[in-house]
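A.B. asks: The structure's right below; bear with me while I get my questions together.
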Amino acid sequence: MKFAIQINASPYHSNVGQTAYQFINALLAMGHEVFRVFFYHDGIFYALKHATPPDDELQLTQQWSDLAKRHQIDLVVCISAAQRRGLLYLDEAQRQGKHDDELAEGFRISGLGQWVEATLVADRLITFG
Amino acid sequence: MKSYLFILRKPAHSGSYLQEMLDIILTTAAFDQKVGLLILDDGVFHLKHGQNPEKTGIKDTAAIFKALELYDVEDIYTEQESLLDRGLNGTDLCLPVNIIDRKDVGSLMKQFNVIVSG
């Protein structure tokens with residue numbers, strides 16, 4: 001079955017992103033397909049490139065980057081939610097006269113149309129948070 | 001084409017929650033999908049008329065709700081029990097909505113392909 005996943009909560013306010021991560025790994029292990037993971041609301045904070053948690057904690061952003069690389073999963077961060085919270089990718093930052101480049105590897109920034117597409121393509125949408 | 005039921009359960013003025021929910025609802029409608037809205041629990045406070053949030057610098061969310069009509073989102077439901085539990089009834093609401101009983105929520109959900117909880 002083809003799944004679309006939506007993550008709405010930030011990494012240090014709730015554990016739902018971690019639950020989603022484990023859910024995705026379980027899906028893949030069972031032979032299902034994850035068409036896209038869409039980060040919305042405070043979920044966009046998973047994509048912060050410079051998040052530097054202590055070494056003995058889970059490296060949450062790195063974990064997602066590794067997952068994307070390992071399984072070619074499309075990780076999309078909502079552009080309006082990201083801009084509202086100050087997460088800018090290089091090209092958008094330059095357009096706004098800023099110098100940020102905050103997006104971690106394996107993530108890309110795009111619009112809500114990508115969410116609609118994911119829900120149209122997938123057999124199931126599962127939201128976390 | 002699919003049909004989507006968006007469910008609002010958080011109270012009014014929960015940060016940018018409502019603005020972002022309305023963004024996703026209106027985007028879905030703009031892609032010509034069938035869209036419904038179900039407002040449950042503390043979400044019913046979104047519908048309370050006579051709010052003056054701009055006095056505290058907060059956006060008037062009741063005004064944003066009116067945008068739904070422009071996008072032909074007219075299937076808006078709320079639950080009788082959620083209203084009554086909070087001392088509200090149909091006359092307190094800023095939008096025309098369908099008020100359904102809790103026992104009918106399940107059958108409403110079955111009419112949609114995608115349920116988006118929020």
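Labels used: A, B, ... for chains in the order of the structure tokens, numbers from 1 for residues in each chain, and numbers from 1 for ligands as shown.
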Only residues of chain A matter here; which ones have an atom within 12 Å of chain B, counting only C-alpha atoms? Give them as JSON, numbers by chain.
C.D. replies: {"A": [3, 4, 5, 6, 7, 8, 9, 38, 40, 41, 42, 78, 79, 80, 81, 82, 84, 85, 111, 112, 113, 114, 115, 116, 117, 118, 119, 120, 121, 122, 123, 124, 125, 126, 127, 128, 129]}
A.B. asks: List every residue of chain B that DSSP, applied to the backbone, labels as alpha helix (DSSP H), and write the result as number ranges by chain.
C.D. replies: B: 17-30, 61-65, 67-70, 80-85, 105-110
A.B. asks: Limited to C-alpha atoms, could you put the picked residues into a file as a CSV table (one decimal), in the first residue's frame?
C.D. replies:
chain,number,residue,atom,x,y,z
B,17,TYR,CA,-3.2,26.6,14.1
B,18,LEU,CA,-6.4,27.9,12.5
B,19,GLN,CA,-4.6,30.0,9.9
B,20,GLU,CA,-2.6,27.0,8.8
B,21,MET,CA,-5.6,24.6,8.8
B,22,LEU,CA,-7.5,27.1,6.7
B,23,ASP,CA,-4.5,27.3,4.3
B,24,ILE,CA,-4.5,23.5,3.8
B,25,ILE,CA,-8.3,23.4,3.5
B,26,LEU,CA,-8.5,26.2,0.9
B,27,THR,CA,-5.6,24.7,-1.1
B,28,THR,CA,-7.4,21.4,-1.2
B,29,ALA,CA,-10.5,23.2,-2.4
B,30,ALA,CA,-8.5,25.1,-5.0
B,61,THR,CA,-10.2,34.1,13.0
B,62,ALA,CA,-14.0,34.4,12.5
B,63,ALA,CA,-13.2,36.6,9.5
B,64,ILE,CA,-10.9,34.0,8.0
B,65,PHE,CA,-13.6,31.4,8.2
B,67,ALA,CA,-13.1,32.8,3.1
B,68,LEU,CA,-14.4,29.2,3.0
B,69,GLU,CA,-17.5,30.3,1.2
B,70,LEU,CA,-15.4,31.9,-1.5
B,80,GLN,CA,-24.4,19.1,19.3
B,81,GLU,CA,-22.7,17.6,22.3
B,82,SER,CA,-19.5,19.7,21.8
B,83,LEU,CA,-21.6,22.8,21.8
B,84,LEU,CA,-23.8,21.9,24.8
B,85,ASP,CA,-20.8,20.8,26.9
B,105,VAL,CA,-20.2,11.5,13.4
B,106,GLY,CA,-19.0,8.1,12.4
B,107,SER,CA,-21.4,7.8,9.4
B,108,LEU,CA,-20.3,11.4,8.3
B,109,MET,CA,-16.7,10.3,8.3
B,110,LYS,CA,-17.5,7.3,6.2
A.B. asks: Rounded to one decimal in Å, what is the spacing between CA of Asp101 in chain A and CA of Ala47 in chain A?
C.D. replies: 11.2 Å
A.B. asks: For the atom pair CA of Val76 in chain A and CA of Gln18 in chain A, what is the interatomic distance in Å to one decimal place?
C.D. replies: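 Separation between CA of Val76 in chain A and CA of Gln18 in chain A: 16.7 Å.
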A.B. asks: Out of B:His13, B:Lys34, B:Lys66, B:His49, which residue has the shortest atom-to-atom distance to Leu93 in chain B when counting only C-alpha atoms?
C.D. replies: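 Once distances to Leu93 in chain B are computed over only C-alpha atoms, the minimum belongs to B:His49.
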A.B. asks: Can you pull out every residue from chain B that DSSP, working from the backbone, puts in strand (DSSP E), and format the result as a PyMOL selection string?
C.D. replies: chain B and resi 3-8+34-39+75-79+98-100+114-117
A.B. asks: Generate a file of the selected residues that holds C-alpha atoms, formatted as a tab-separated table (two decimals), in the first residue's frame.
C.D. replies:
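New file out_16.tsv:
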chain	number	residue	atom	x	y	z
B	3	SER	CA	-13.22	13.85	-0.74
B	4	TYR	CA	-11.57	15.29	2.36
B	5	LEU	CA	-12.95	15.84	5.83
B	6	PHE	CA	-10.86	18.22	7.93
B	7	ILE	CA	-11.45	17.98	11.65
B	8	LEU	CA	-10.76	20.94	13.94
B	34	LYS	CA	-14.54	17.86	-2.40
B	35	VAL	CA	-13.95	19.37	1.03
B	36	GLY	CA	-15.90	19.11	4.28
B	37	LEU	CA	-15.13	20.52	7.70
B	38	LEU	CA	-16.06	18.99	11.05
B	39	ILE	CA	-15.59	21.05	14.21
B	75	ASP	CA	-20.16	21.36	4.05
B	76	ILE	CA	-19.38	22.53	7.55
B	77	TYR	CA	-20.48	20.42	10.49
B	78	THR	CA	-20.29	20.69	14.22
B	79	GLU	CA	-21.43	18.41	16.98
B	98	ASN	CA	-24.90	21.77	10.15
B	99	ILE	CA	-25.27	20.63	13.75
B	100	ILE	CA	-25.17	16.84	14.02
B	114	VAL	CA	-9.41	11.24	3.49
B	115	ILE	CA	-9.84	12.25	7.13
B	116	VAL	CA	-7.42	14.97	8.22
B	117	SER	CA	-7.25	15.36	11.96
A.B. asks: Give the answer as one residue: which of A:Ala26, A:Ala20, A:Val34, A:Leu103 has the shortest atom-to-atom distance to Lys2 in chain A, using only C-alpha atoms?
C.D. replies: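 Looking only at the distances to Lys2 in chain A, the closest residue turns out to be A:Val34.
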A.B. asks: Might you pull out every residue within 10 Å of Met30 in chain A, with only C-alpha atoms counted and same-chain residues fewer than 5 positions away left off, and present them as a list in words?
C.D. replies: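 Using only C-alpha atoms, the neighbours found are Met1, Ile24 and Asn25 of chain A.
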A.B. asks: Restricting it to N, CA and C atoms, dump the selection as a PDB file, in the first residue's frame.
C.D. replies:
ATOM      1  N   MET A   1       0.838  -1.197   0.000  1.00  0.00           N
ATOM      2  CA  MET A   1       0.000   0.000   0.000  1.00  0.00           C
ATOM      3  C   MET A   1       0.883   1.261   0.000  1.00  0.00           C
ATOM      4  N   ILE A  24       7.101   4.649   9.848  1.00  0.00           N
ATOM      5  CA  ILE A  24       7.605   4.574   8.469  1.00  0.00           C
ATOM      6  C   ILE A  24       8.561   3.392   8.309  1.00  0.00           C
ATOM      7  N   ASN A  25       9.441   3.215   9.285  1.00  0.00           N
ATOM      8  CA  ASN A  25      10.363   2.081   9.211  1.00  0.00           C
ATOM      9  C   ASN A  25       9.612   0.750   9.211  1.00  0.00           C
TER      10      ASN A  25
END
